[in-house]
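One structure is given below, encoded as structure tokens.
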Amino acid sequence: MAASPAPPGARPREQMPHLSKMERVVVSMQDPDQGVKMRSQRLLITVVPHAVTGNDIMEWLIQKYCISQKEALHLGILLVQHGYLYPLRDHCSLVLQPDETLYRFQEHYDQLHRKINHMWDLVVMQAREQLRAAKQRRKGDRLVIACQEQTYWLVNRPPPGVPSVLEQGLKRGSCTAKRVQMTKNADFYRREIECCRKALSRTRVKSSVSLEAYLKFSSQHRPHDPIMSGCLPSNPWITDNDSYWAMNAPSVAVPTKLRVERWGFSFQELLEDPVGRAHFMDFLRKEFSAENLSFWEACEELRHGGQAQIPTLVDAVYQQFLAPGAARWVNIDSQTMERTLEGLHQPHRYMLDDAQLHIYMLMKKDSYPRFLKSDMYKALLAEAVIPLETKRRVFPFMRKPRHSSPSPALLPASASGETGTAASGPGHGDGDA
């Protein structure tokens with residue numbers, strides 16, 4: 001059953017968080033001092049007041065939030081699709097054009113139905129007056145109001161069966177019940193048959209295969225789980241021996257055997273370990289392909305580095321690895337190189353992601369299997385340290401304190417009597433003596 005609208009005077013529903021953030025952005029854009037400059041724009045032979053261009057919106061978003069041109073365009077399109085901005089020329093195209101296309105800020109219509117339910121006669125009278133006033137309004141103002149109305153209903157009244165982007169709150173979750181039932185004609189059944197046919201051809205894995213893979217994963221990782229197998233040489237959380245931390249430090253001369261074995265689990269395990277990555281770099285130097293790992297490390301430094309250092313890091317990576325005739329040139333395909341070169345115009349921390357992924361997959365599929373089969377890795381396994389289990393005393397605050405003589409108040413009655421008799425014997429002997 002469809003949910004009924006909220007009665008007049010009811011508490012307004014809570015707004016979705018992303019809409020609140022968008023409204024704060026729009027309020028900042030409409031600031032008279034630091035917002036987007038609004039001016040009268042000429043549209044054909046008419047003058048449109050308080051209009052902004054798509055280019056001005058793009059420049060303001062880039063300057064205000066220090067984002068790239070692609071991110072600013074995406075944010076502007078979201079504002080247009082959610083109805084906060086609307087185009088004056090083509091109201092059916094809800095996208096932000098980064099050119100001289102004119103836009104206006106949308107006014108609030110969300111509470112209009114609550115205001116007119118109980119005064120319909122007044123609405124009719126005002127509508128007649130507005131119609132008479134509209135005939136005397138300038139052509140530019142009439143065009144603005146018409147585009148505003150068309151864009152509002154285009155956004156807030158989507159076609160049947162399509163959920164609205166402005167649905168908010170749990171009480172509006174019944175929008176699926178309001179959808180108009182589609183006519184079950186030949187096209188409907190044809191689409192259903194095609195959907196079922198795709199579902200049948202979808203690749204599936206048997207439960208036995210999945211359980212077998214899960215058991216293999218568990219048996220492989222069980223010796224490396226401190227909770228399941230314990231810590232060697234001892235558990236540093238319950239003892240005062242910190243040898244476990246020293247043997248598994250980020251940089252050690254000889255790693256443990258369990259640590260070297262983890263490098264064979266996955267390529268990501270090898271890269272996340274500083275010692276493993278250093279040995280992998282030595283292996284790549286012997287194969288004359290160390291520039292691949294150096295390029296991957298430079299991309300990681302760019303991604304997690306400071307914002308102020310991004311232009312310098314991008315230029316250094318390009319000159320060292322990507323420029324024609326670079327000293328440590330890396331081999332990437334032409335399409336990836338084109339996308340990377342496009343990002344040089346406005347450098348950001350994610351511009352080398354495509355090139356980094358290409359080099360990562362190249363090392364994973366080519367260099368990493370050869371490293372696991374190499375004599376270097378076998379020698380590391382043979383020379384790795386196998387710590388022996390040692391038992392140490394626990395922390396002092398966990399030891400039971402030892403008393404030289406227990407308190408008689410804590411002993412049982414029989415023990416107290418025996419102790420008293422033994423103590424009184426010498427006393428009486430001394431007294432008799």
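Here, A, B, ... name the chains of the structure tokens in the order displayed, residue numbers run from 1 inside each chain, and ligands are numbered from 1 in the same displayed order.
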Determine which residues of range 182-264 of chain A DSSP labels as alpha helix (DSSP H) from the backbone of this structure, then write them out as a CSV table (one decimal) with all heavy atoms, in the first residue's frame.
```csv
chain,number,residue,atom,x,y,z
A,186,ALA,N,4.1,-8.5,-25.7
A,186,ALA,CA,5.1,-9.3,-26.3
A,186,ALA,C,6.5,-8.7,-25.9
A,186,ALA,O,7.5,-9.5,-25.7
A,186,ALA,CB,5.0,-9.4,-27.8
A,187,ASP,N,6.7,-7.4,-25.9
A,187,ASP,CA,8.0,-6.8,-25.6
A,187,ASP,C,8.4,-7.2,-24.1
A,187,ASP,O,9.6,-7.4,-23.8
A,187,ASP,CB,8.0,-5.3,-25.8
A,187,ASP,CG,7.8,-5.0,-27.2
A,187,ASP,OD1,8.2,-5.8,-28.1
A,187,ASP,OD2,7.3,-3.8,-27.5
A,188,PHE,N,7.4,-7.1,-23.2
A,188,PHE,CA,7.7,-7.4,-21.8
A,188,PHE,C,8.2,-8.9,-21.7
A,188,PHE,O,9.3,-9.1,-21.0
A,188,PHE,CB,6.4,-7.2,-21.0
A,188,PHE,CG,6.6,-7.7,-19.6
A,188,PHE,CD1,7.2,-6.9,-18.6
A,188,PHE,CD2,6.1,-8.9,-19.2
A,188,PHE,CE1,7.3,-7.3,-17.3
A,188,PHE,CE2,6.2,-9.3,-17.8
A,188,PHE,CZ,6.8,-8.5,-16.9
A,189,TYR,N,7.5,-9.8,-22.3
A,189,TYR,CA,8.0,-11.2,-22.2
A,189,TYR,C,9.3,-11.5,-22.9
A,189,TYR,O,10.1,-12.3,-22.5
A,189,TYR,CB,6.9,-12.2,-22.7
A,189,TYR,CG,5.7,-12.2,-21.8
A,189,TYR,CD1,4.5,-11.6,-22.1
A,189,TYR,CD2,5.8,-12.9,-20.5
A,189,TYR,CE1,3.4,-11.7,-21.3
A,189,TYR,CE2,4.7,-12.9,-19.7
A,189,TYR,CZ,3.5,-12.3,-20.1
A,189,TYR,OH,2.4,-12.4,-19.2
A,190,ARG,N,9.5,-10.7,-24.0
A,190,ARG,CA,10.8,-10.9,-24.7
A,190,ARG,C,12.0,-10.4,-23.8
A,190,ARG,O,13.0,-11.1,-23.8
A,190,ARG,CB,10.7,-10.0,-26.0
A,190,ARG,CG,11.9,-10.4,-26.9
A,190,ARG,CD,11.8,-9.6,-28.2
A,190,ARG,NE,10.6,-9.9,-29.0
A,190,ARG,CZ,9.5,-9.1,-29.2
A,190,ARG,NH1,9.5,-7.9,-28.6
A,190,ARG,NH2,8.5,-9.5,-29.9
A,191,ARG,N,11.8,-9.3,-23.1
A,191,ARG,CA,12.8,-8.9,-22.2
A,191,ARG,C,13.0,-9.8,-21.0
A,191,ARG,O,14.1,-10.1,-20.6
A,191,ARG,CB,12.5,-7.5,-21.6
A,191,ARG,CG,12.6,-6.3,-22.7
A,191,ARG,CD,12.6,-5.0,-22.0
A,191,ARG,NE,11.3,-4.7,-21.4
A,191,ARG,CZ,10.3,-4.1,-22.0
A,191,ARG,NH1,10.5,-3.7,-23.3
A,191,ARG,NH2,9.1,-3.9,-21.4
A,192,GLU,N,11.9,-10.4,-20.5
A,192,GLU,CA,12.0,-11.4,-19.4
A,192,GLU,C,12.8,-12.6,-19.9
A,192,GLU,O,13.7,-13.2,-19.2
A,192,GLU,CB,10.6,-11.8,-19.0
A,192,GLU,CG,9.9,-10.7,-18.2
A,192,GLU,CD,10.6,-10.5,-16.8
A,192,GLU,OE1,11.0,-11.5,-16.2
A,192,GLU,OE2,10.6,-9.3,-16.4
A,193,ILE,N,12.5,-13.1,-21.1
A,193,ILE,CA,13.2,-14.3,-21.6
A,193,ILE,C,14.7,-14.0,-21.8
A,193,ILE,O,15.6,-14.8,-21.5
A,193,ILE,CB,12.6,-14.7,-23.0
A,193,ILE,CG1,11.2,-15.2,-22.7
A,193,ILE,CG2,13.4,-15.8,-23.7
A,193,ILE,CD1,10.4,-15.5,-24.0
A,194,GLU,N,15.0,-12.8,-22.3
A,194,GLU,CA,16.4,-12.4,-22.5
A,194,GLU,C,17.2,-12.3,-21.1
A,194,GLU,O,18.3,-12.7,-21.0
A,194,GLU,CB,16.5,-11.0,-23.2
A,194,GLU,CG,17.9,-10.6,-23.6
A,194,GLU,CD,18.6,-11.5,-24.6
A,194,GLU,OE1,17.8,-12.2,-25.3
A,194,GLU,OE2,19.8,-11.5,-24.6
A,195,CYS,N,16.5,-11.8,-20.1
A,195,CYS,CA,17.1,-11.7,-18.8
A,195,CYS,C,17.3,-13.1,-18.2
A,195,CYS,O,18.4,-13.3,-17.7
A,195,CYS,CB,16.2,-10.9,-17.9
A,195,CYS,SG,16.8,-10.6,-16.2
A,196,CYS,N,16.4,-14.0,-18.4
A,196,CYS,CA,16.6,-15.3,-17.9
A,196,CYS,C,17.7,-16.1,-18.6
A,196,CYS,O,18.4,-16.9,-18.0
A,196,CYS,CB,15.3,-16.1,-17.9
A,196,CYS,SG,13.9,-15.5,-16.9
A,197,ARG,N,17.8,-15.8,-19.9
A,197,ARG,CA,18.8,-16.5,-20.7
A,197,ARG,C,20.2,-16.0,-20.3
A,197,ARG,O,21.1,-16.8,-20.2
A,197,ARG,CB,18.6,-16.1,-22.2
A,197,ARG,CG,19.4,-16.9,-23.2
A,197,ARG,CD,19.0,-16.6,-24.6
A,197,ARG,NE,17.6,-17.1,-24.8
A,197,ARG,CZ,16.8,-16.7,-25.8
A,197,ARG,NH1,17.3,-15.9,-26.7
A,197,ARG,NH2,15.6,-17.2,-25.9
A,198,LYS,N,20.3,-14.7,-20.0
A,198,LYS,CA,21.6,-14.2,-19.5
A,198,LYS,C,22.0,-14.8,-18.1
A,198,LYS,O,23.1,-15.1,-17.8
A,198,LYS,CB,21.6,-12.7,-19.4
A,198,LYS,CG,21.6,-12.0,-20.8
A,198,LYS,CD,21.6,-10.5,-20.6
A,198,LYS,CE,21.6,-9.8,-22.0
A,198,LYS,NZ,21.6,-8.3,-21.9
A,199,ALA,N,20.9,-15.0,-17.3
A,199,ALA,CA,21.1,-15.5,-15.9
A,199,ALA,C,21.6,-17.0,-16.0
A,199,ALA,O,22.4,-17.4,-15.2
A,199,ALA,CB,19.9,-15.4,-15.1
A,200,LEU,N,21.0,-17.7,-17.0
A,200,LEU,CA,21.5,-19.1,-17.2
A,200,LEU,C,22.9,-19.2,-17.6
A,200,LEU,O,23.6,-20.2,-17.3
A,200,LEU,CB,20.5,-19.8,-18.1
A,200,LEU,CG,19.1,-20.1,-17.6
A,200,LEU,CD1,18.2,-20.7,-18.7
A,200,LEU,CD2,19.1,-21.0,-16.4
A,207,SER,N,29.4,-25.2,-4.8
A,207,SER,CA,29.7,-25.0,-3.4
A,207,SER,C,30.9,-25.9,-2.9
A,207,SER,O,31.7,-25.5,-2.1
A,207,SER,CB,28.5,-25.4,-2.5
A,207,SER,OG,28.0,-26.7,-2.8
A,208,SER,N,31.0,-27.1,-3.5
A,208,SER,CA,32.2,-27.9,-3.1
A,208,SER,C,33.5,-27.3,-3.5
A,208,SER,O,34.5,-27.3,-2.7
A,208,SER,CB,32.0,-29.3,-3.8
A,208,SER,OG,32.0,-29.1,-5.2
A,209,VAL,N,33.5,-26.6,-4.7
A,209,VAL,CA,34.8,-25.9,-5.1
A,209,VAL,C,35.0,-24.7,-4.2
A,209,VAL,O,36.2,-24.5,-3.8
A,209,VAL,CB,34.6,-25.5,-6.6
A,209,VAL,CG1,35.9,-24.8,-7.0
A,209,VAL,CG2,34.4,-26.7,-7.5
A,210,SER,N,34.0,-24.0,-3.8
A,210,SER,CA,34.2,-22.9,-2.9
A,210,SER,C,34.7,-23.3,-1.6
A,210,SER,O,35.6,-22.7,-1.0
A,210,SER,CB,32.9,-22.1,-2.8
A,210,SER,OG,32.4,-21.7,-4.0
A,211,LEU,N,34.1,-24.4,-1.0
A,211,LEU,CA,34.5,-24.9,0.3
A,211,LEU,C,36.0,-25.4,0.2
A,211,LEU,O,36.7,-25.2,1.2
A,211,LEU,CB,33.6,-26.0,0.8
A,211,LEU,CG,32.2,-25.5,1.1
A,211,LEU,CD1,31.3,-26.7,1.5
A,211,LEU,CD2,32.2,-24.5,2.3
A,212,GLU,N,36.3,-26.0,-0.9
A,212,GLU,CA,37.7,-26.5,-1.0
A,212,GLU,C,38.7,-25.4,-1.0
A,212,GLU,O,39.7,-25.5,-0.4
A,212,GLU,CB,37.8,-27.4,-2.3
A,212,GLU,CG,39.2,-28.0,-2.5
A,212,GLU,CD,39.2,-28.8,-3.7
A,212,GLU,OE1,38.2,-29.0,-4.4
A,212,GLU,OE2,40.3,-29.4,-4.0
A,213,ALA,N,38.3,-24.3,-1.8
A,213,ALA,CA,39.2,-23.1,-1.8
A,213,ALA,C,39.3,-22.5,-0.4
A,213,ALA,O,40.4,-22.0,0.0
A,213,ALA,CB,38.7,-22.1,-2.8
A,214,TYR,N,38.2,-22.5,0.3
A,214,TYR,CA,38.2,-21.9,1.7
A,214,TYR,C,39.1,-22.7,2.6
A,214,TYR,O,39.8,-22.1,3.4
A,214,TYR,CB,36.8,-21.8,2.2
A,214,TYR,CG,36.7,-21.2,3.6
A,214,TYR,CD1,36.8,-19.9,3.8
A,214,TYR,CD2,36.4,-22.0,4.7
A,214,TYR,CE1,36.8,-19.3,5.1
A,214,TYR,CE2,36.3,-21.5,5.9
A,214,TYR,CZ,36.5,-20.1,6.1
A,214,TYR,OH,36.4,-19.6,7.4
A,215,LEU,N,39.0,-24.0,2.5
A,215,LEU,CA,39.8,-24.9,3.4
A,215,LEU,C,41.3,-24.7,3.0
A,215,LEU,O,42.2,-24.7,3.9
A,215,LEU,CB,39.4,-26.3,3.2
A,215,LEU,CG,38.0,-26.7,3.8
A,215,LEU,CD1,37.7,-28.2,3.5
A,215,LEU,CD2,38.0,-26.5,5.3
A,216,LYS,N,41.6,-24.6,1.8
A,216,LYS,CA,43.0,-24.4,1.3
A,216,LYS,C,43.5,-23.1,1.9
A,216,LYS,O,44.7,-23.0,2.4
A,216,LYS,CB,43.1,-24.5,-0.2
A,216,LYS,CG,44.5,-24.3,-0.7
A,216,LYS,CD,44.5,-24.4,-2.2
A,216,LYS,CE,45.9,-24.2,-2.8
A,216,LYS,NZ,46.0,-24.2,-4.3
A,217,PHE,N,42.7,-22.0,1.8
A,217,PHE,CA,43.1,-20.7,2.3
A,217,PHE,C,43.3,-20.8,3.8
A,217,PHE,O,44.3,-20.3,4.3
A,217,PHE,CB,42.1,-19.7,2.0
A,217,PHE,CG,42.3,-18.3,2.5
A,217,PHE,CD1,43.1,-17.4,1.8
A,217,PHE,CD2,41.8,-17.9,3.7
A,217,PHE,CE1,43.4,-16.2,2.3
A,217,PHE,CE2,42.0,-16.7,4.2
A,217,PHE,CZ,42.9,-15.8,3.5
A,218,SER,N,42.4,-21.5,4.5
A,218,SER,CA,42.6,-21.6,6.0
A,218,SER,C,43.8,-22.4,6.4
A,218,SER,O,44.5,-22.0,7.3
A,218,SER,CB,41.3,-22.2,6.6
A,218,SER,OG,40.1,-21.4,6.2
A,219,SER,N,44.0,-23.5,5.7
A,219,SER,CA,45.2,-24.3,6.1
A,219,SER,C,46.5,-23.6,5.7
A,219,SER,O,47.5,-23.8,6.4
A,219,SER,CB,45.1,-25.6,5.3
A,219,SER,OG,45.1,-25.4,3.9
A,220,GLN,N,46.5,-22.7,4.7
A,220,GLN,CA,47.7,-22.0,4.3
A,220,GLN,C,48.0,-20.9,5.3
A,220,GLN,O,49.1,-20.6,5.6
A,220,GLN,CB,47.5,-21.4,2.9
A,220,GLN,CG,48.7,-20.7,2.3
A,220,GLN,CD,48.5,-20.1,1.0
A,220,GLN,OE1,47.3,-19.7,0.7
A,220,GLN,NE2,49.5,-20.1,0.1
A,221,HIS,N,47.0,-20.2,5.8
A,221,HIS,CA,47.2,-19.1,6.7
A,221,HIS,C,47.2,-19.4,8.2
A,221,HIS,O,47.5,-18.6,9.0
A,221,HIS,CB,46.1,-18.0,6.4
A,221,HIS,CG,46.3,-17.2,5.2
A,221,HIS,ND1,46.0,-17.8,3.9
A,221,HIS,CD2,46.8,-16.0,4.9
A,221,HIS,CE1,46.2,-16.9,3.0
A,221,HIS,NE2,46.7,-15.8,3.5
A,226,PRO,N,48.7,-15.5,14.7
A,226,PRO,CA,49.1,-15.6,16.1
A,226,PRO,C,48.1,-16.1,17.0
A,226,PRO,O,48.5,-16.7,18.0
A,226,PRO,CB,49.5,-14.1,16.4
A,226,PRO,CG,49.7,-13.5,15.1
A,226,PRO,CD,48.7,-14.1,14.1
A,227,ILE,N,46.8,-16.0,16.7
A,227,ILE,CA,45.8,-16.5,17.7
A,227,ILE,C,45.6,-18.0,17.5
A,227,ILE,O,45.5,-18.7,18.5
A,227,ILE,CB,44.5,-15.7,17.4
A,227,ILE,CG1,44.6,-14.2,17.7
A,227,ILE,CG2,43.4,-16.3,18.2
A,227,ILE,CD1,43.3,-13.4,17.4
A,228,MET,N,45.7,-18.5,16.3
A,228,MET,CA,45.5,-19.9,16.1
A,228,MET,C,46.7,-20.7,16.4
A,228,MET,O,46.6,-21.9,16.9
A,228,MET,CB,45.0,-20.2,14.7
A,228,MET,CG,43.8,-19.4,14.3
A,228,MET,SD,42.3,-19.9,15.2
A,228,MET,CE,42.2,-21.6,14.7
A,229,SER,N,47.9,-20.2,16.1
A,229,SER,CA,49.1,-21.0,16.2
A,229,SER,C,50.1,-20.5,17.2
A,229,SER,O,51.1,-21.1,17.5
A,229,SER,CB,49.8,-21.1,14.8
A,229,SER,OG,49.0,-21.7,13.9
A,243,SER,N,61.2,-10.4,21.9
A,243,SER,CA,61.9,-10.9,20.8
A,243,SER,C,61.0,-11.0,19.5
A,243,SER,O,61.5,-10.9,18.4
A,243,SER,CB,62.5,-12.3,21.1
A,243,SER,OG,63.4,-12.2,22.2
A,244,TYR,N,59.7,-11.2,19.7
A,244,TYR,CA,58.8,-11.3,18.6
A,244,TYR,C,58.8,-10.0,17.8
A,244,TYR,O,58.8,-10.0,16.6
A,244,TYR,CB,57.4,-11.7,19.1
A,244,TYR,CG,56.4,-11.7,18.0
A,244,TYR,CD1,56.2,-12.9,17.2
A,244,TYR,CD2,55.5,-10.7,17.8
A,244,TYR,CE1,55.3,-12.9,16.2
A,244,TYR,CE2,54.5,-10.7,16.8
A,244,TYR,CZ,54.4,-11.9,16.0
A,244,TYR,OH,53.5,-11.9,15.0
A,245,TRP,N,58.8,-8.9,18.5
A,245,TRP,CA,58.8,-7.6,17.8
A,245,TRP,C,60.1,-7.4,17.1
A,245,TRP,O,60.2,-6.8,16.0
A,245,TRP,CB,58.6,-6.4,18.8
A,245,TRP,CG,57.3,-6.6,19.6
A,245,TRP,CD1,57.2,-6.6,20.9
A,245,TRP,CD2,56.0,-6.6,19.1
A,245,TRP,NE1,55.9,-6.7,21.3
A,245,TRP,CE2,55.1,-6.7,20.2
A,245,TRP,CE3,55.4,-6.7,17.8
A,245,TRP,CZ2,53.7,-6.8,20.0
A,245,TRP,CZ3,54.1,-6.7,17.6
A,245,TRP,CH2,53.2,-6.8,18.7
A,246,ALA,N,61.3,-7.8,17.7
A,246,ALA,CA,62.6,-7.6,17.1
A,246,ALA,C,62.7,-8.4,15.9
A,246,ALA,O,63.3,-7.9,14.9
A,246,ALA,CB,63.7,-7.9,18.1
A,247,MET,N,62.2,-9.7,15.9
A,247,MET,CA,62.4,-10.5,14.7
A,247,MET,C,61.5,-10.1,13.6
A,247,MET,O,61.8,-10.4,12.4
A,247,MET,CB,62.1,-12.0,15.1
A,247,MET,CG,63.1,-12.6,16.0
A,247,MET,SD,62.7,-14.3,16.3
A,247,MET,CE,64.2,-14.8,17.3
A,257,LYS,N,61.1,-17.5,8.8
A,257,LYS,CA,60.7,-18.4,7.8
A,257,LYS,C,59.2,-18.1,7.5
A,257,LYS,O,58.8,-18.1,6.3
A,257,LYS,CB,60.9,-19.9,8.1
A,257,LYS,CG,60.6,-20.8,7.0
A,257,LYS,CD,61.0,-22.2,7.3
A,257,LYS,CE,60.7,-23.2,6.1
A,257,LYS,NZ,61.1,-24.6,6.4
A,258,LEU,N,58.4,-17.9,8.5
A,258,LEU,CA,57.0,-17.6,8.3
A,258,LEU,C,56.8,-16.3,7.5
A,258,LEU,O,55.9,-16.2,6.6
A,258,LEU,CB,56.3,-17.5,9.6
A,258,LEU,CG,56.1,-18.8,10.4
A,258,LEU,CD1,55.4,-18.5,11.8
A,258,LEU,CD2,55.3,-19.8,9.7
A,259,ARG,N,57.7,-15.4,7.7
A,259,ARG,CA,57.6,-14.1,7.0
A,259,ARG,C,57.9,-14.3,5.5
A,259,ARG,O,57.3,-13.7,4.6
A,259,ARG,CB,58.5,-13.1,7.6
A,259,ARG,CG,58.4,-11.7,7.1
A,259,ARG,CD,59.2,-10.8,8.0
A,259,ARG,NE,59.2,-9.4,7.5
A,259,ARG,CZ,59.7,-8.3,8.2
A,259,ARG,NH1,60.4,-8.6,9.3
A,259,ARG,NH2,59.6,-7.1,7.7
A,260,VAL,N,58.9,-15.1,5.2
A,260,VAL,CA,59.3,-15.4,3.8
A,260,VAL,C,58.2,-16.2,3.1
A,260,VAL,O,58.0,-16.0,1.9
A,260,VAL,CB,60.7,-16.1,3.8
A,260,VAL,CG1,61.1,-16.4,2.4
A,260,VAL,CG2,61.8,-15.2,4.4
A,261,GLU,N,57.6,-17.1,3.9
A,261,GLU,CA,56.6,-17.9,3.2
A,261,GLU,C,55.4,-17.0,2.8
A,261,GLU,O,54.7,-17.3,1.9
A,261,GLU,CB,56.1,-19.0,4.2
A,261,GLU,CG,57.2,-20.1,4.3
A,261,GLU,CD,56.7,-21.2,5.4
A,261,GLU,OE1,55.7,-20.9,6.0
A,261,GLU,OE2,57.4,-22.2,5.5
A,262,ARG,N,55.1,-16.0,3.6
A,262,ARG,CA,53.9,-15.1,3.3
A,262,ARG,C,54.2,-14.4,2.0
A,262,ARG,O,53.2,-14.0,1.3
A,262,ARG,CB,53.7,-14.1,4.4
A,262,ARG,CG,53.1,-14.7,5.7
A,262,ARG,CD,52.7,-13.6,6.6
A,262,ARG,NE,51.5,-12.9,6.1
A,262,ARG,CZ,50.3,-13.2,6.3
A,262,ARG,NH1,50.0,-14.3,7.1
A,262,ARG,NH2,49.3,-12.5,5.8
```
Item checked: Test item: residues at most 12 Å from range 24-29 of chain A, only C-alpha atoms, excluding those fewer than 2 positions along its chain, as an MDAnalysis selection string -> chainID A and resid 17:22 31:38 52 56:61 63:65 75:76 78:80 82:85 104:107
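Nearest residue to Thr151 in chain A among A:Met376, A:Val95, A:Ile310, A:Leu284 is A:Val95, counting only C-alpha atoms.
Of the listed residues A:Pro236, A:Tyr360, A:Gly230, A:Arg42, the one whose atoms come nearest to Leu271 in chain A is A:Tyr360, with distances taken using only C-alpha atoms.
In this comparison, which uses only C-alpha atoms, the residue of A:Lys365, A:His345, A:Arg138, A:His74 approaching Leu96 in chain A most closely is A:His74.
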With only C-alpha atoms as the counted atoms, please give the residues lying no more than 9 Å from Leu88 in chain A, apart from itself and same-chain residues fewer than 4 positions off, as a PDB file with N, CA and C atoms, in the first residue's frame.
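Saved result, result01.pdb, follows:
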```pdb
ATOM      1  N   LEU A  43      20.394  36.371 -24.040  1.00  0.00           N
ATOM      2  CA  LEU A  43      20.012  35.134 -24.694  1.00  0.00           C
ATOM      3  C   LEU A  43      19.233  35.483 -25.953  1.00  0.00           C
ATOM      4  N   ALA A  51      21.897  35.503 -14.109  1.00  0.00           N
ATOM      5  CA  ALA A  51      22.268  34.233 -14.735  1.00  0.00           C
ATOM      6  C   ALA A  51      23.773  34.039 -14.644  1.00  0.00           C
ATOM      7  N   THR A 101      27.011  28.439 -21.801  1.00  0.00           N
ATOM      8  CA  THR A 101      25.598  28.097 -21.582  1.00  0.00           C
ATOM      9  C   THR A 101      25.103  28.747 -20.291  1.00  0.00           C
ATOM     10  N   LEU A 102      23.901  29.312 -20.337  1.00  0.00           N
ATOM     11  CA  LEU A 102      23.363  30.054 -19.205  1.00  0.00           C
ATOM     12  C   LEU A 102      22.616  29.130 -18.254  1.00  0.00           C
ATOM     13  N   TYR A 103      22.794  29.384 -16.933  1.00  0.00           N
ATOM     14  CA  TYR A 103      22.119  28.626 -15.879  1.00  0.00           C
ATOM     15  C   TYR A 103      21.575  29.602 -14.841  1.00  0.00           C
ATOM     16  N   ARG A 104      20.557  29.140 -14.125  1.00  0.00           N
ATOM     17  CA  ARG A 104      19.995  29.904 -13.022  1.00  0.00           C
ATOM     18  C   ARG A 104      19.896  29.000 -11.793  1.00  0.00           C
ATOM     19  N   LEU A 143      10.756  33.902 -19.754  1.00  0.00           N
ATOM     20  CA  LEU A 143      11.582  32.762 -20.169  1.00  0.00           C
ATOM     21  C   LEU A 143      12.241  32.087 -18.971  1.00  0.00           C
ATOM     22  N   VAL A 144      12.712  32.891 -18.015  1.00  0.00           N
ATOM     23  CA  VAL A 144      13.355  32.329 -16.822  1.00  0.00           C
ATOM     24  C   VAL A 144      12.357  31.517 -16.008  1.00  0.00           C
ATOM     25  N   CYS A 147      11.417  28.161 -17.803  1.00  0.00           N
ATOM     26  CA  CYS A 147      12.480  27.150 -17.715  1.00  0.00           C
ATOM     27  C   CYS A 147      12.602  26.598 -16.292  1.00  0.00           C
ATOM     28  N   GLN A 148      12.390  27.467 -15.320  1.00  0.00           N
ATOM     29  CA  GLN A 148      12.470  27.024 -13.927  1.00  0.00           C
ATOM     30  C   GLN A 148      11.373  26.012 -13.620  1.00  0.00           C
TER      31      GLN A 148
END
```
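With distances restricted to only C-alpha atoms, A:Ile359 is the closest residue to Asp333 in chain A from A:Leu372, A:Val252, A:Ile359, A:Ala290.
Proximity ranking of A:Pro98, A:Tyr318, A:Pro87, A:Ser266 relative to Ala72 in chain A places A:Pro98 first, based on only C-alpha atoms.
Across the model, the gap from CA of Ser367 in chain A to CA of Gln320 in chain A is 21.5 Å.
The residues of range 181-421 of chain A that DSSP classifies as strand (DSSP E or B), using the backbone of this structure, are A:Thr239, A:Thr256, A:Val385, A:Val394.
CA of Pro49 in chain A is positioned 16.8 Å from CA of Gln136 in chain A.
Residue nearest Ala134 in chain A within the list A:Cys299, A:Ala326, A:Ala146, A:Val48: A:Ala146 [criterion: smallest interatomic distance, only C-alpha atoms].
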